[in-house]
>>> print(open('start.txt').read())   # compact mmCIF, C-alpha atoms
# COMPACT_ATOMS: atom_id res chain seq x y z
CA MET H 1 -92.78 -38.67 -49.11
CA SER H 2 -90.80 -39.40 -52.24
CA ARG H 3 -89.13 -42.74 -52.81
CA GLY H 4 -85.63 -41.23 -52.55
CA LEU H 5 -86.31 -39.81 -49.10
CA ARG H 6 -87.62 -43.14 -47.88
CA LEU H 7 -84.29 -44.76 -48.72
CA ILE H 8 -82.34 -42.36 -46.50
CA PRO H 9 -82.71 -44.37 -43.23
CA ILE H 10 -81.64 -47.57 -44.97
CA ILE H 11 -78.63 -45.86 -46.51
CA LEU H 12 -77.69 -44.42 -43.10
CA LEU H 13 -78.01 -47.86 -41.52
CA LEU H 14 -75.88 -49.46 -44.22
CA TRP H 15 -73.27 -46.73 -43.82
CA LEU H 16 -73.18 -47.36 -40.06
CA VAL H 17 -72.88 -51.14 -40.45
CA VAL H 18 -70.13 -50.82 -43.06
CA GLY H 19 -68.29 -48.31 -40.84
CA LEU H 20 -68.49 -50.59 -37.79
CA ALA H 21 -67.40 -53.64 -39.81
CA TRP H 22 -64.46 -51.73 -41.23
CA ARG H 23 -63.29 -50.71 -37.74
CA LEU H 24 -63.60 -54.32 -36.58
CA VAL H 25 -61.35 -55.51 -39.41
CA ARG H 26 -58.98 -52.59 -39.05
CA PRO H 27 -58.89 -51.45 -35.42
CA ALA H 28 -57.90 -47.86 -34.76
CA ASP H 29 -54.34 -47.11 -33.65
CA THR H 30 -54.49 -46.67 -29.89
CA ALA H 31 -50.96 -45.31 -29.45
CA ILE H 32 -50.91 -41.75 -28.11
CA PRO H 33 -47.90 -39.92 -29.57
CA SER H 34 -46.18 -37.46 -27.26
CA GLN H 35 -46.55 -33.79 -28.19
CA MET H 36 -43.15 -33.18 -26.60
CA VAL H 37 -41.30 -34.36 -29.72
CA GLU H 38 -39.25 -31.46 -31.18
CA ARG H 39 -39.40 -29.73 -27.80
CA GLN H 40 -36.95 -29.33 -24.94
CA VAL H 41 -36.90 -32.13 -22.37
CA PRO H 42 -39.06 -31.04 -19.41
CA ALA H 43 -37.14 -29.98 -16.30
CA PHE H 44 -36.78 -32.87 -13.87
CA THR H 45 -34.40 -34.57 -11.46
CA LEU H 46 -34.88 -38.18 -10.49
CA PRO H 47 -33.10 -39.94 -7.62
CA ALA H 48 -30.89 -42.94 -8.33
CA ALA H 49 -32.91 -46.12 -8.81
CA LEU H 50 -30.01 -48.30 -7.67
CA ALA H 51 -27.18 -47.85 -5.22
CA GLY H 52 -23.96 -47.33 -7.16
CA LYS H 53 -25.60 -45.89 -10.30
CA ALA H 54 -26.33 -42.20 -10.77
CA GLY H 55 -29.87 -40.82 -11.00
CA LEU H 56 -31.06 -38.84 -13.98
CA GLY H 57 -31.95 -35.20 -14.53
CA ALA H 58 -32.78 -32.97 -17.47
CA THR H 59 -29.25 -31.48 -17.39
CA ASP H 60 -27.75 -34.94 -17.97
CA LEU H 61 -29.59 -35.03 -21.30
CA ALA H 62 -28.06 -31.85 -22.74
CA THR H 63 -24.38 -32.72 -22.72
CA GLY H 64 -23.66 -32.25 -26.43
CA GLN H 65 -23.99 -35.98 -27.05
CA PRO H 66 -27.25 -37.32 -28.53
CA ARG H 67 -28.65 -40.24 -26.57
CA LEU H 68 -31.61 -42.46 -25.84
CA VAL H 69 -33.83 -42.31 -22.79
CA ASN H 70 -35.56 -45.62 -22.23
CA MET H 71 -38.63 -45.79 -19.98
CA PHE H 72 -38.81 -49.29 -18.61
CA ALA H 73 -39.70 -51.33 -15.54
CA SER H 74 -38.80 -54.66 -14.04
CA TRP H 75 -42.51 -55.58 -13.99
CA CYS H 76 -42.91 -54.86 -17.70
CA VAL H 77 -42.84 -58.06 -19.78
CA PRO H 78 -42.09 -56.49 -23.20
CA CYS H 79 -39.10 -54.71 -21.59
CA THR H 80 -37.46 -58.12 -21.19
CA GLY H 81 -37.85 -58.69 -24.92
CA GLU H 82 -36.39 -55.28 -25.66
CA ALA H 83 -33.26 -55.82 -23.52
CA PRO H 84 -31.14 -57.59 -26.22
CA VAL H 85 -31.88 -54.73 -28.65
CA LEU H 86 -30.71 -52.14 -26.13
CA ALA H 87 -27.60 -54.26 -25.46
CA GLU H 88 -26.82 -54.32 -29.19
CA LEU H 89 -27.35 -50.54 -29.44
CA LYS H 90 -24.95 -50.04 -26.55
CA ARG H 91 -22.41 -52.28 -28.27
CA ARG H 92 -22.64 -49.97 -31.29
CA GLY H 93 -21.78 -46.98 -29.16
CA VAL H 94 -25.26 -45.64 -28.43
CA ARG H 95 -25.51 -43.94 -25.05
CA ILE H 96 -28.60 -44.98 -23.15
CA ASP H 97 -30.12 -43.66 -19.94
CA GLY H 98 -33.00 -45.31 -18.17
CA ILE H 99 -36.06 -44.11 -16.30
CA ALA H 100 -37.42 -46.90 -14.14
CA ILE H 101 -41.18 -46.48 -13.74
CA ARG H 102 -42.73 -47.46 -10.37
CA ASP H 103 -39.91 -49.79 -9.48
CA THR H 104 -38.13 -51.05 -6.37
CA PRO H 105 -34.32 -51.35 -6.11
CA GLY H 106 -34.48 -55.09 -5.41
CA ALA H 107 -36.72 -55.96 -8.36
CA LEU H 108 -34.75 -53.62 -10.62
CA ALA H 109 -31.37 -55.14 -9.66
CA ALA H 110 -32.73 -58.63 -10.33
CA PHE H 111 -34.13 -57.49 -13.71
CA LEU H 112 -30.79 -56.00 -14.77
CA ALA H 113 -28.83 -59.04 -13.54
CA ARG H 114 -31.11 -61.24 -15.67
CA ASN H 115 -31.37 -59.09 -18.81
CA GLY H 116 -28.17 -57.05 -18.84
CA ASP H 117 -27.68 -53.39 -18.00
CA PRO H 118 -27.17 -51.02 -20.95
CA TYR H 119 -27.86 -47.86 -18.90
CA GLU H 120 -25.36 -45.14 -17.97
CA ARG H 121 -27.76 -43.63 -15.47
CA ILE H 122 -31.10 -44.78 -14.12
CA GLY H 123 -33.59 -42.41 -12.51
CA SER H 124 -36.36 -43.78 -10.33
CA ASP H 125 -39.80 -42.44 -11.28
CA ALA H 126 -41.90 -43.93 -8.50
CA GLN H 127 -45.12 -42.05 -9.36
CA SER H 128 -44.79 -41.88 -13.17
CA GLU H 129 -44.35 -38.12 -12.76
CA VAL H 130 -41.54 -37.72 -15.29
CA GLN H 131 -43.19 -40.23 -17.59
CA ILE H 132 -46.27 -37.97 -17.72
CA ALA H 133 -44.06 -34.88 -18.15
CA PHE H 134 -42.55 -36.55 -21.25
CA GLY H 135 -46.00 -37.28 -22.66
CA SER H 136 -45.30 -41.01 -22.45
CA SER H 137 -48.22 -43.36 -21.90
CA GLY H 138 -46.64 -46.68 -21.00
CA VAL H 139 -43.59 -48.90 -20.84
CA PRO H 140 -41.43 -49.50 -22.72
CA GLU H 141 -41.00 -46.26 -24.60
CA THR H 142 -37.80 -44.76 -25.92
CA PHE H 143 -37.03 -41.10 -26.57
CA LEU H 144 -34.24 -40.01 -28.88
CA ILE H 145 -32.67 -36.82 -27.55
CA ASP H 146 -30.17 -34.58 -29.32
CA GLY H 147 -27.10 -32.96 -27.74
CA LYS H 148 -29.05 -29.83 -26.81
CA GLY H 149 -31.64 -31.79 -24.86
CA VAL H 150 -34.39 -31.59 -27.48
CA ILE H 151 -36.59 -34.68 -27.89
CA ARG H 152 -36.30 -35.67 -31.55
CA ARG H 153 -38.26 -38.92 -31.73
CA GLN H 154 -40.44 -41.19 -29.64
CA TYR H 155 -40.60 -44.95 -30.04
CA ILE H 156 -43.78 -46.36 -28.51
CA GLY H 157 -43.53 -49.99 -27.44
CA PRO H 158 -40.45 -52.20 -27.42
CA LEU H 159 -37.64 -51.49 -29.87
CA ASN H 160 -36.90 -54.49 -32.05
CA ALA H 161 -33.94 -55.56 -34.14
CA SER H 162 -35.31 -53.79 -37.22
CA ASN H 163 -35.13 -50.44 -35.37
CA ILE H 164 -31.37 -50.70 -34.72
CA PRO H 165 -30.02 -49.30 -38.03
CA GLY H 166 -32.48 -46.40 -37.98
CA VAL H 167 -31.66 -45.42 -34.41
CA VAL H 168 -27.91 -45.63 -35.00
CA ARG H 169 -28.17 -43.57 -38.21
CA GLU H 170 -30.35 -40.91 -36.63
CA LEU H 171 -28.04 -40.55 -33.64
CA GLU H 172 -25.04 -40.23 -35.97
CA GLN H 173 -26.79 -37.50 -37.95
CA LEU H 174 -27.42 -35.58 -34.75
CA ARG H 175 -23.81 -35.84 -33.63
CA MET J 1 -62.84 -82.88 -2.02
CA LYS J 2 -62.67 -81.65 -5.60
CA ARG J 3 -65.21 -78.97 -4.78
CA LEU J 4 -63.24 -77.87 -1.76
CA PHE J 5 -60.10 -77.71 -3.86
CA LEU J 6 -61.87 -75.60 -6.48
CA PHE J 7 -63.26 -73.34 -3.77
CA ILE J 8 -59.79 -72.82 -2.27
CA ALA J 9 -58.32 -72.19 -5.72
CA LEU J 10 -61.00 -69.59 -6.33
CA VAL J 11 -60.36 -67.87 -3.01
CA VAL J 12 -56.59 -67.60 -3.42
CA ALA J 13 -56.71 -66.77 -7.15
CA GLN J 14 -54.88 -63.60 -8.14
CA PRO J 15 -55.45 -61.66 -11.33
CA VAL J 16 -52.48 -61.65 -13.69
CA LEU J 17 -51.73 -57.97 -14.14
CA ALA J 18 -48.92 -56.06 -15.74
CA ASP J 19 -48.76 -53.85 -12.69
CA SER J 20 -45.87 -52.69 -10.58
CA ASN J 21 -45.38 -53.79 -7.01
CA LEU J 22 -45.42 -50.26 -5.62
CA PRO J 23 -48.55 -49.10 -3.75
CA PRO J 24 -50.76 -46.42 -5.37
CA ALA J 25 -49.51 -42.84 -5.14
CA TYR J 26 -50.54 -40.98 -1.97
CA TRP J 27 -53.37 -38.90 -3.47
CA ALA J 28 -54.47 -41.54 -6.01
CA ASN J 29 -57.38 -42.82 -3.89
CA ARG J 30 -57.54 -40.19 -1.14
CA GLN J 31 -59.64 -37.05 -1.08
CA LEU J 32 -58.13 -33.65 -0.44
CA PRO J 33 -58.99 -32.33 3.04
CA ASN J 34 -60.34 -29.08 1.57
CA PRO J 35 -63.80 -29.94 0.10
CA LYS J 36 -63.71 -27.07 -2.39
CA GLN J 37 -60.35 -28.19 -3.76
CA GLU J 38 -61.49 -31.82 -3.86
CA ALA J 39 -64.57 -30.79 -5.86
CA GLN J 40 -62.34 -28.94 -8.32
CA ALA J 41 -60.01 -31.94 -8.61
CA GLN J 42 -62.93 -34.34 -9.08
CA ALA J 43 -64.46 -32.20 -11.81
CA LEU J 44 -61.14 -32.08 -13.65
CA MET J 45 -60.43 -35.80 -13.21
CA ASP J 46 -63.84 -36.61 -14.70
CA GLU J 47 -62.79 -34.80 -17.87
CA LEU J 48 -59.31 -36.28 -18.27
CA ARG J 49 -58.96 -39.38 -20.34
CA CYS J 50 -57.06 -42.40 -19.09
CA LEU J 51 -54.09 -43.33 -21.29
CA VAL J 52 -54.42 -47.03 -20.48
CA CYS J 53 -58.19 -47.69 -20.44
CA GLN J 54 -58.86 -45.27 -23.23
CA GLY J 55 -62.64 -45.09 -22.88
CA GLN J 56 -62.54 -44.13 -19.20
CA SER J 57 -61.78 -40.97 -17.31
CA ILE J 58 -58.89 -41.06 -14.86
CA ALA J 59 -61.49 -40.73 -12.09
CA ASP J 60 -63.02 -44.09 -13.14
CA SER J 61 -59.95 -46.02 -14.20
CA ASP J 62 -58.12 -48.51 -12.01
CA ALA J 63 -54.94 -48.30 -14.10
CA GLU J 64 -51.82 -47.35 -12.16
CA LEU J 65 -51.05 -44.51 -14.55
CA ALA J 66 -54.54 -43.11 -13.92
CA GLY J 67 -53.83 -43.27 -10.17
CA ASP J 68 -50.57 -41.41 -10.71
CA MET J 69 -52.42 -38.80 -12.76
CA ARG J 70 -55.05 -38.34 -10.03
CA ASP J 71 -52.19 -37.85 -7.59
CA LEU J 72 -50.69 -35.24 -9.91
CA VAL J 73 -54.02 -33.40 -10.29
CA ARG J 74 -54.75 -33.37 -6.54
CA ARG J 75 -51.21 -32.29 -5.60
CA ARG J 76 -51.27 -29.42 -8.07
CA ILE J 77 -54.72 -28.26 -7.01
CA ALA J 78 -53.67 -28.43 -3.34
CA ALA J 79 -50.68 -26.27 -4.31
CA GLY J 80 -53.09 -23.66 -5.66
CA GLU J 81 -52.83 -24.34 -9.38
CA LYS J 82 -55.94 -23.65 -11.48
CA PRO J 83 -57.68 -26.70 -13.06
CA SER J 84 -57.50 -25.01 -16.48
CA ALA J 85 -53.71 -24.68 -16.14
CA ILE J 86 -53.35 -28.37 -15.26
CA ARG J 87 -55.52 -29.34 -18.22
CA GLU J 88 -53.39 -27.11 -20.48
CA TRP J 89 -50.19 -28.70 -19.13
CA LEU J 90 -51.49 -32.18 -19.96
CA ILE J 91 -52.71 -31.09 -23.41
CA GLN J 92 -49.17 -29.82 -24.10
CA ARG J 93 -47.98 -33.38 -23.50
CA TYR J 94 -50.70 -35.60 -24.93
CA GLY J 95 -52.64 -33.28 -27.22
CA THR J 96 -56.37 -32.53 -26.93
CA TRP J 97 -56.82 -36.32 -26.89
CA ILE J 98 -56.30 -36.26 -23.10
CA SER J 99 -59.27 -33.97 -22.42
CA TYR J 100 -62.92 -34.96 -22.77
CA LYS J 101 -64.01 -31.32 -22.77
CA PRO J 102 -64.94 -30.37 -26.34
CA THR J 103 -62.78 -27.61 -27.76
CA ASP J 104 -63.66 -24.91 -30.30
CA GLU J 105 -61.16 -26.12 -32.91
CA PRO J 106 -62.59 -26.81 -36.41
CA ALA J 107 -62.54 -30.59 -35.89
CA ALA J 108 -65.18 -30.13 -33.16
CA TRP J 109 -67.48 -27.80 -35.11
CA PRO J 110 -69.81 -30.60 -36.30
CA LEU J 111 -70.30 -31.48 -32.64
CA TRP J 112 -71.49 -27.95 -31.83
CA LEU J 113 -73.53 -27.58 -35.02
CA ALA J 114 -75.21 -31.01 -34.96
CA PRO J 115 -77.87 -30.14 -32.31
CA LEU J 116 -78.75 -26.97 -34.20
CA ALA J 117 -78.96 -28.83 -37.52
CA LEU J 118 -81.12 -31.57 -35.97
CA LEU J 119 -83.46 -28.97 -34.40
CA LEU J 120 -83.84 -27.22 -37.75
CA ALA J 121 -84.47 -30.51 -39.53
CA GLY J 122 -87.09 -31.41 -36.91
CA ALA J 123 -88.80 -28.04 -37.26
CA TRP J 124 -88.86 -28.42 -41.02
CA LEU J 125 -90.43 -31.88 -40.75
CA ILE J 126 -93.09 -30.64 -38.32
CA CYS J 127 -93.92 -27.65 -40.54
CA ARG J 128 -94.47 -29.96 -43.50
CA ARG J 129 -96.70 -32.30 -41.50
CA ILE J 130 -98.86 -29.49 -40.14
CA LYS J 131 -99.30 -27.98 -43.60
CA LEU J 132 -100.28 -31.35 -45.09
CA LYS J 133 -103.02 -32.11 -42.55
CA PRO J 134 -105.87 -29.78 -43.65
CA GLY J 135 -105.59 -30.93 -47.25
CA ALA J 136 -105.64 -34.60 -46.33
>>> encode(input="start.txt", output="structure tokens")
Amino acid sequence: MSRGLRLIPIILLLWLVVGLAWRLVRPADTAIPSQMVERQVPAFTLPAALAGKAGLGATDLATGQPRLVNMFASWCVPCTGEAPVLAELKRRGVRIDGIAIRDTPGALAAFLARNGDPYERIGSDAQSEVQIAFGSSGVPETFLIDGKGVIRRQYIGPLNASNIPGVVRELEQLR
Amino acid sequence: MKRLFLFIALVVAQPVLADSNLPPAYWANRQLPNPKQEAQAQALMDELRCLVCQGQSIADSDAELAGDMRDLVRRRIAAGEKPSAIREWLIQRYGTWISYKPTDEPAAWPLWLAPLALLLAGAWLICRRIKLKPGA
């Protein structure tokens, strides 16, 4: 066997080690983007999550007004951190609906009393069914929906203060 | 006394989980009464990837979302839907990422060609060895 051929296993090993080291330093992005972006909101109707606040259905998301749909839960820690951002968005005139994932009315009411309630409607998704239909893989996630009920953008993870101008601008453009 | 305290602490310890306080969905950990349908559901669940524990199938994962997806699969199969249609419905939402079953799209071609290439390489190596022997 020639010298060059003998080097092949060592080169392969080096390539493997370098590849593994690179992935350790720079872990892969584990977020799974929804393929429903740029598509019509899936048909659904969710019962009210709280007494005194309407539930949410696909028809409520195609009213001519662009809006946000926020998937959240009282048991979700990052959702607490996101609450002030949603409150600020509401103050700036953004219309927000909520989908409460696997939640109970008692825990949800306590969560909203503690963190504020920016939602016009809240649907209760007790078995993550609508969450899966949206292609969402966790809480919190926020979907930006235009007036025709088409999903235009997905925010994975909690919104933070730096997202506010972008969200407001995008919703204004869709108006 | 200290030992007893530690023992009690160990017994009453609860894992800290970011989980809801709702019980698992009805069909999450329950088999379908029809064995043929359950076999179909199981085969499909083995090939669907969990969104939370991303190296596991939803059949193996203890994540709540995986339980809710098992419930969805079993309910749809009990309602007479074909496993391929359920897989397609999920791929529409999460992309081919959600399915462990290799597809025939170009990105997967190396996967299909690798065994063939390795067999050919092996055959080539063996041929060379056999030819070299008599001369040695």
>>> residues_near_point(input="start.txt", point="(-27.9, -33.2, -20.9)", cutoff="7 Å", atoms="only C-alpha atoms", output="PyMOL selection string")
chain H and resi 58-63+147-149
>>> closest_residue(input="start.txt", among="J:Pro115, J:Pro23, J:Gly80, J:Pro102", to="H:Thr104", atoms="only C-alpha atoms")
J:Pro23
>>> interface_residues(input="start.txt", of="chain J", to="chain H", cutoff="12 Å", atoms="all atoms listed in the file", output="PyMOL selection string")
chain J and resi 16-28+49-55+63-73+75+86+89-98+125+128-129+132
>>> atom_distance(input="start.txt", atom1="atom CA of J:Leu113", atom2="atom CA of H:Ser2")
27.1 Å
>>> atom_distance(input="start.txt", atom1="atom CA of H:Ile122", atom2="atom CA of J:Asn29")
28.3 Å
>>> atom_distance(input="start.txt", atom1="atom CA of H:Asn160", atom2="atom CA of H:Glu82")
6.5 Å
>>> residues_around(input="start.txt", residues="J:Gln31", least_positions_apart="4", cutoff="10 Å", atoms="only C-alpha atoms", output="PyMOL selection string")
chain J and resi 26-27+35+37-39+41-42+71+74
>>> write_last_selection(input="start.txt", atoms="C-alpha atoms", output="PDB file, in the coordinates of the input")
ATOM      1  CA  TYR J  26     -50.540 -40.980  -1.970  1.00  0.00           C
ATOM      2  CA  TRP J  27     -53.370 -38.900  -3.470  1.00  0.00           C
ATOM      3  CA  PRO J  35     -63.800 -29.940   0.100  1.00  0.00           C
ATOM      4  CA  GLN J  37     -60.350 -28.190  -3.760  1.00  0.00           C
ATOM      5  CA  GLU J  38     -61.490 -31.820  -3.860  1.00  0.00           C
ATOM      6  CA  ALA J  39     -64.570 -30.790  -5.860  1.00  0.00           C
ATOM      7  CA  ALA J  41     -60.010 -31.940  -8.610  1.00  0.00           C
ATOM      8  CA  GLN J  42     -62.930 -34.340  -9.080  1.00  0.00           C
ATOM      9  CA  ASP J  71     -52.190 -37.850  -7.590  1.00  0.00           C
ATOM     10  CA  ARG J  74     -54.750 -33.370  -6.540  1.00  0.00           C
TER      11      ARG J  74
END
>>> closest_residue(input="start.txt", among="H:Val130, H:Val168, H:Leu174, H:Leu20", to="H:Leu86", atoms="all atoms listed in the file")
H:Val168
>>> closest_residue(input="start.txt", among="H:Ala49, H:Glu88, H:Gly64, H:Ile156", to="H:Gly106", atoms="only C-alpha atoms")
H:Ala49
>>> residues_around(input="start.txt", residues="H:Arg169", least_positions_apart="6", cutoff="12 Å", atoms="all atoms listed in the file", output="JSON, numbers by chain")
{"H": [66, 89, 92, 93, 94, 144, 163, 175]}
>>> residues_near_point(input="start.txt", point="(-36.3, -61.0, -15.1)", cutoff="7 Å", atoms="only C-alpha atoms", output="ChimeraX atom specification")
/H:74,80,110-111,114-115
>>> axis_aligned_box(input="start.txt", around="stretch 64-78 of chain J", padding_each_side="3 Å", output="AutoDock Vina command-line options")
--center_x -52.8 --center_y -37.8 --center_z -8.9 --size_x 10.5 --size_y 25.1 --size_z 17.2
